[in-house]
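Chemist: Take this structure first; my questions come after.
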Amino acid sequence: MDVKEAINKRRAYRSLELVEITEELIKDLAESAQIAPSCMNKQPWNFVFIHDKEQLERIFETLSSGNKWVEKASLIIAVFSKPENDCIIGERLYYLFDTGLATAFIILRATELDLVAHPIAGFKEEEAKKILGIPEEMRLITLVNIGKLSKEINPFLSEAMKLGEKSRPPRKLLEEFISINKYNPK
Ligand SMILES: Cc1cc2nc3c(=O)[nH]c(=O)nc-3n(C[C@H](O)[C@H](O)[C@H](O)COP(=O)(O)O)c2cc1C
């Protein structure tokens, strides 16, 4: 699979079925993040790979009500960092950008391995941090939920989410977010 194929194949599917999580898989995904670019090579990202059943169940308790589908995830990657771990240039803080880049590499690699890798923001940050032992000063940015795509639509999904399993949610037109040579606000 080439990069463009992985970009096109990646979807935030919500109907997951269990998949075996091996040390090899965790290492493979972590290595994809390891070589991501970052400002002055600061590598601000941190990840906890959660696959222990009891620890997963504790994390499930922190999810927003619309995210019950996550309970079928086999692996959750908690992504965290803090501003001081990366370049701060005037008002530009790079930790979220660089950690997001590394996370995107993980998501694309998981896609290539025929897994669903779905990031979410809908969880209680402080509770999840306590469960995972993540220090107070860190921002728990996202939980990336990994599983195998199920043919059966998850019954917990809303009607809108069910539609999302069948086709990609609509995107802005290119003209709405790109300009050529000079910014042309729309
Ligand atoms: C930062 C971030 C937070 C998200 N939070 C949630 C979430 O809490 N629950 C959920 O079901 N999907 C969540 N999503 C998935 C988006 O809804 C999804 O990516 C978007 O609808 C586009 O669909 P697609 O990724 O399949 O193209 C999140 C995605 C990102 C990148």
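Each chain in the structure tokens gets a letter, A, B and so on, in the order shown; residues start at 1 in every chain, and ligands are counted from 1 in the order they appear.
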Per residue of range 103-130 of chain A within 9 Å of range 140-164 of chain A, which atom pair is closest and at what distance in Å (one decimal), using only C-alpha atoms, listed by chain and increasing number, as a tab-separated table?

Modeler:
residue	atom	partner	partner_atom	distance
A:Thr103	CA	A:Val144	CA	8.5
A:Ile107	CA	A:Val144	CA	8.1
A:Ala110	CA	A:Ile146	CA	8.1
A:Asp114	CA	A:Lys148	CA	7.4
A:Leu115	CA	A:Lys148	CA	5.1
A:Val116	CA	A:Gly147	CA	5.4
A:Ala117	CA	A:Ile146	CA	4.6
A:His118	CA	A:Asn145	CA	5.0
A:Pro119	CA	A:Val144	CA	4.0
A:Ile120	CA	A:Leu143	CA	5.5
A:Ala121	CA	A:Thr142	CA	5.4
A:Gly122	CA	A:Thr142	CA	8.4
A:Phe123	CA	A:Leu143	CA	8.2
A:Glu125	CA	A:Leu140	CA	6.2
A:Glu126	CA	A:Leu140	CA	8.3
A:Ala128	CA	A:Leu140	CA	8.2
A:Lys129	CA	A:Leu140	CA	6.9

Chemist: Export N, CA, C and O atoms of the chosen residues as an mmCIF file, in the first residue's frame?

Modeler:
data_model
loop_
_atom_site.group_PDB
_atom_site.id
_atom_site.type_symbol
_atom_site.label_atom_id
_atom_site.label_comp_id
_atom_site.auth_asym_id
_atom_site.auth_seq_id
_atom_site.Cartn_x
_atom_site.Cartn_y
_atom_site.Cartn_z
ATOM 1 N N THR A 103 1.095 11.068 15.773
ATOM 2 C CA THR A 103 -0.122 10.257 15.925
ATOM 3 C C THR A 103 -0.699 9.902 14.548
ATOM 4 O O THR A 103 -1.174 8.779 14.338
ATOM 5 N N ILE A 107 -1.634 6.272 12.961
ATOM 6 C CA ILE A 107 -2.946 5.963 12.383
ATOM 7 C C ILE A 107 -2.793 5.412 10.961
ATOM 8 O O ILE A 107 -3.451 4.430 10.589
ATOM 9 N N ALA A 110 -1.362 1.870 11.122
ATOM 10 C CA ALA A 110 -2.415 0.930 11.553
ATOM 11 C C ALA A 110 -3.356 0.640 10.386
ATOM 12 O O ALA A 110 -3.782 -0.502 10.171
ATOM 13 N N ASP A 114 -4.361 -2.950 8.105
ATOM 14 C CA ASP A 114 -5.775 -3.339 8.018
ATOM 15 C C ASP A 114 -6.500 -3.236 9.367
ATOM 16 O O ASP A 114 -7.415 -4.009 9.655
ATOM 17 N N LEU A 115 -6.089 -2.260 10.157
ATOM 18 C CA LEU A 115 -6.765 -1.999 11.426
ATOM 19 C C LEU A 115 -7.486 -0.665 11.338
ATOM 20 O O LEU A 115 -7.106 0.211 10.551
ATOM 21 N N VAL A 116 -8.512 -0.521 12.180
ATOM 22 C CA VAL A 116 -9.136 0.796 12.353
ATOM 23 C C VAL A 116 -8.367 1.495 13.469
ATOM 24 O O VAL A 116 -8.057 0.877 14.491
ATOM 25 N N ALA A 117 -8.050 2.764 13.263
ATOM 26 C CA ALA A 117 -7.387 3.560 14.317
ATOM 27 C C ALA A 117 -8.142 4.876 14.390
ATOM 28 O O ALA A 117 -7.993 5.741 13.527
ATOM 29 N N HIS A 118 -8.972 5.020 15.411
ATOM 30 C CA HIS A 118 -9.930 6.124 15.480
ATOM 31 C C HIS A 118 -9.633 7.005 16.703
ATOM 32 O O HIS A 118 -9.842 6.580 17.839
ATOM 33 N N PRO A 119 -9.151 8.237 16.477
ATOM 34 C CA PRO A 119 -8.870 9.138 17.607
ATOM 35 C C PRO A 119 -10.152 9.776 18.129
ATOM 36 O O PRO A 119 -11.060 10.071 17.350
ATOM 37 N N ILE A 120 -10.215 9.983 19.434
ATOM 38 C CA ILE A 120 -11.385 10.667 20.001
ATOM 39 C C ILE A 120 -10.950 11.741 20.998
ATOM 40 O O ILE A 120 -9.875 11.668 21.595
ATOM 41 N N ALA A 121 -11.852 12.717 21.170
ATOM 42 C CA ALA A 121 -11.665 13.749 22.193
ATOM 43 C C ALA A 121 -12.696 13.595 23.310
ATOM 44 O O ALA A 121 -12.580 14.263 24.345
ATOM 45 N N GLY A 122 -13.678 12.728 23.098
ATOM 46 C CA GLY A 122 -14.788 12.594 24.046
ATOM 47 C C GLY A 122 -14.480 11.650 25.196
ATOM 48 O O GLY A 122 -14.915 10.492 25.205
ATOM 49 N N PHE A 123 -13.718 12.143 26.175
ATOM 50 C CA PHE A 123 -13.419 11.379 27.400
ATOM 51 C C PHE A 123 -13.090 12.387 28.493
ATOM 52 O O PHE A 123 -12.794 13.554 28.211
ATOM 53 N N GLU A 125 -10.713 13.870 30.790
ATOM 54 C CA GLU A 125 -9.249 13.897 30.788
ATOM 55 C C GLU A 125 -8.652 13.601 32.166
ATOM 56 O O GLU A 125 -7.755 12.758 32.295
ATOM 57 N N GLU A 126 -9.150 14.295 33.178
ATOM 58 C CA GLU A 126 -8.517 14.141 34.497
ATOM 59 C C GLU A 126 -8.656 12.714 35.016
ATOM 60 O O GLU A 126 -7.708 12.144 35.563
ATOM 61 N N ALA A 128 -9.064 9.954 33.231
ATOM 62 C CA ALA A 128 -8.231 9.033 32.431
ATOM 63 C C ALA A 128 -6.758 9.181 32.822
ATOM 64 O O ALA A 128 -6.026 8.190 32.929
ATOM 65 N N LYS A 129 -6.324 10.407 33.060
ATOM 66 C CA LYS A 129 -4.923 10.633 33.457
ATOM 67 C C LYS A 129 -4.611 9.911 34.769
ATOM 68 O O LYS A 129 -3.549 9.307 34.919
#

Chemist: Identify, with DSSP run on backbone atoms, the residues in range 22-83 of chain A assigned to helix (DSSP H, G or I), and express the list as an NGL selection string.

Modeler: :A and (23-34 or 39-41 or 53-60 or 65-72 or 83)

Chemist: Tell me which of A:Lys68, A:Asp86, A:Arg109, A:Met1 sits closest to Ile26 in chain A, counting only C-alpha atoms.

Modeler: A:Arg109

Chemist: With distances taken over only C-alpha atoms, which residue among A:Ser179, A:Thr62, A:Thr111, A:Gln43 lies nearest Val3 in chain A?

Modeler: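 Going through A:Ser179, A:Thr62, A:Thr111, A:Gln43 one by one, the smallest distance to Val3 in chain A is for A:Thr111.
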
Chemist: Just list the residues in range 21-176 of chain A DSSP gives strand (DSSP E or B) on the backbone, as a PyMOL selection string.

Modeler: chain A and resi 46-50+63+75-81+88-89+92-93+116-120+123+139-149

Chemist: Just write the chosen residues, N, CA and C atoms, as a CSV table (one decimal), in the first residue's frame.

Modeler:
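Result written to result_27.csv:
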chain,number,residue,atom,x,y,z
A,46,ASN,N,4.2,11.5,23.9
A,46,ASN,CA,4.2,10.3,24.8
A,46,ASN,C,3.0,9.5,24.5
A,47,PHE,N,3.1,8.2,24.7
A,47,PHE,CA,2.0,7.3,24.4
A,47,PHE,C,1.9,6.2,25.5
A,48,VAL,N,0.7,5.9,25.9
A,48,VAL,CA,0.5,4.7,26.7
A,48,VAL,C,-0.3,3.8,25.9
A,49,PHE,N,0.2,2.6,25.6
A,49,PHE,CA,-0.5,1.6,24.8
A,49,PHE,C,-1.3,0.7,25.9
A,50,ILE,N,-2.6,0.7,25.8
A,50,ILE,CA,-3.4,0.0,26.8
A,50,ILE,C,-4.1,-1.1,26.2
A,63,LEU,N,-15.3,7.5,29.2
A,63,LEU,CA,-15.8,7.9,27.9
A,63,LEU,C,-17.1,8.8,27.9
A,75,LEU,N,-7.1,-2.2,21.7
A,75,LEU,CA,-6.0,-1.4,22.1
A,75,LEU,C,-6.4,0.1,22.1
A,76,ILE,N,-6.0,0.8,23.1
A,76,ILE,CA,-6.2,2.2,23.1
A,76,ILE,C,-4.9,2.9,23.3
A,77,ILE,N,-4.6,3.8,22.5
A,77,ILE,CA,-3.3,4.6,22.6
A,77,ILE,C,-3.6,5.9,23.2
A,78,ALA,N,-3.2,6.2,24.4
A,78,ALA,CA,-3.3,7.5,25.1
A,78,ALA,C,-2.2,8.3,24.6
A,79,VAL,N,-2.5,9.5,24.1
A,79,VAL,CA,-1.5,10.4,23.5
A,79,VAL,C,-1.4,11.7,24.4
A,80,PHE,N,-0.2,11.9,24.9
A,80,PHE,CA,-0.1,13.1,25.8
A,80,PHE,C,1.2,13.8,25.7
A,81,SER,N,1.2,15.0,26.1
A,81,SER,CA,2.4,15.9,26.0
A,81,SER,C,2.2,17.1,26.8
A,88,ILE,N,8.6,26.6,21.7
A,88,ILE,CA,7.6,27.7,22.0
A,88,ILE,C,8.2,28.9,21.4
A,89,ILE,N,7.7,29.4,20.3
A,89,ILE,CA,8.2,30.5,19.5
A,89,ILE,C,7.2,31.7,19.6
A,92,ARG,N,3.6,30.8,19.4
A,92,ARG,CA,3.4,29.6,18.7
A,92,ARG,C,3.9,28.4,19.6
A,93,LEU,N,2.9,27.5,19.9
A,93,LEU,CA,3.3,26.4,20.8
A,93,LEU,C,3.2,25.1,19.8
A,116,VAL,N,-8.5,-0.5,12.2
A,116,VAL,CA,-9.1,0.8,12.4
A,116,VAL,C,-8.4,1.5,13.5
A,117,ALA,N,-8.0,2.8,13.3
A,117,ALA,CA,-7.4,3.6,14.3
A,117,ALA,C,-8.1,4.9,14.4
A,118,HIS,N,-9.0,5.0,15.4
A,118,HIS,CA,-9.9,6.1,15.5
A,118,HIS,C,-9.6,7.0,16.7
A,119,PRO,N,-9.2,8.2,16.5
A,119,PRO,CA,-8.9,9.1,17.6
A,119,PRO,C,-10.2,9.8,18.1
A,120,ILE,N,-10.2,10.0,19.4
A,120,ILE,CA,-11.4,10.7,20.0
A,120,ILE,C,-10.9,11.7,21.0
A,123,PHE,N,-13.7,12.1,26.2
A,123,PHE,CA,-13.4,11.4,27.4
A,123,PHE,C,-13.1,12.4,28.5
A,139,ARG,N,-1.1,17.3,29.1
A,139,ARG,CA,-2.4,17.3,28.4
A,139,ARG,C,-2.6,15.9,27.8
A,140,LEU,N,-3.7,15.3,28.1
A,140,LEU,CA,-4.1,14.0,27.5
A,140,LEU,C,-4.9,14.4,26.2
A,141,ILE,N,-4.2,14.4,25.1
A,141,ILE,CA,-4.8,15.0,23.9
A,141,ILE,C,-5.8,14.2,23.2
A,142,THR,N,-5.6,12.9,23.1
A,142,THR,CA,-6.5,12.0,22.4
A,142,THR,C,-6.3,10.6,22.9
A,143,LEU,N,-7.4,9.8,22.7
A,143,LEU,CA,-7.3,8.3,22.8
A,143,LEU,C,-7.5,7.8,21.4
A,144,VAL,N,-6.5,7.0,20.9
A,144,VAL,CA,-6.7,6.4,19.6
A,144,VAL,C,-7.2,5.0,19.8
A,145,ASN,N,-8.3,4.7,19.3
A,145,ASN,CA,-9.0,3.3,19.5
A,145,ASN,C,-8.7,2.4,18.3
A,146,ILE,N,-8.1,1.3,18.7
A,146,ILE,CA,-7.7,0.3,17.6
A,146,ILE,C,-8.5,-1.0,17.7
A,147,GLY,N,-8.9,-1.4,16.5
A,147,GLY,CA,-9.6,-2.7,16.4
A,147,GLY,C,-9.7,-3.1,15.0
A,148,LYS,N,-10.4,-4.2,14.8
A,148,LYS,CA,-10.6,-4.7,13.4
A,148,LYS,C,-12.0,-4.2,13.0
A,149,LEU,N,-12.1,-3.8,11.7
A,149,LEU,CA,-13.5,-3.4,11.3
A,149,LEU,C,-14.4,-4.5,11.3

Chemist: Residues at most 12 Å from Glu175 in chain A, counting only C-alpha atoms, excluding those fewer than 3 positions away in the same chain, as a PyMOL selection string?

Modeler: chain A and resi 171-172+178-180+183-186

Chemist: Smallest atom-to-atom distance to Gly133 in chain A: which of A:Ser32, A:Thr22, A:Tyr13, A:Gln55, using only C-alpha atoms?

Modeler: A:Gln55

Chemist: Find the spatial neighbours of Lys42 in chain A, counting only C-alpha atoms, within a cut-off of 10 Å - ignore same-chain residues fewer than 6 positions away - and output them as a list in words.

Modeler: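 Residues meeting the cut-off are Glu84, Asn85, Asp86, Cys87, Tyr94, Tyr95 and Asp98 of chain A.
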
Chemist: For Glu20 in chain A, which residue out of A:Arg58, A:Ser74, A:Glu112, A:Thr99 is the nearest one, using only C-alpha atoms?

Modeler: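 With only C-alpha atoms as the atom set, the closest residue is A:Ser74.
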
Chemist: Rank A:Gly90, A:Gly100, A:Pro135, A:Pro44 by their smallest atom-to-atom distance to ligand 1, using only C-alpha atoms and all ligand atoms, and report the top residue only.

Modeler: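 Of all the options, A:Gly100 lies closest to ligand 1.
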
Chemist: Go through A:Glu165, A:Glu136, A:Asp2, A:Glu24 one by one, measure the shortest atom-to-atom distance of each to ligand 1 using only C-alpha atoms and all ligand atoms, and give the residue with the smallest value.

Modeler: A:Glu165
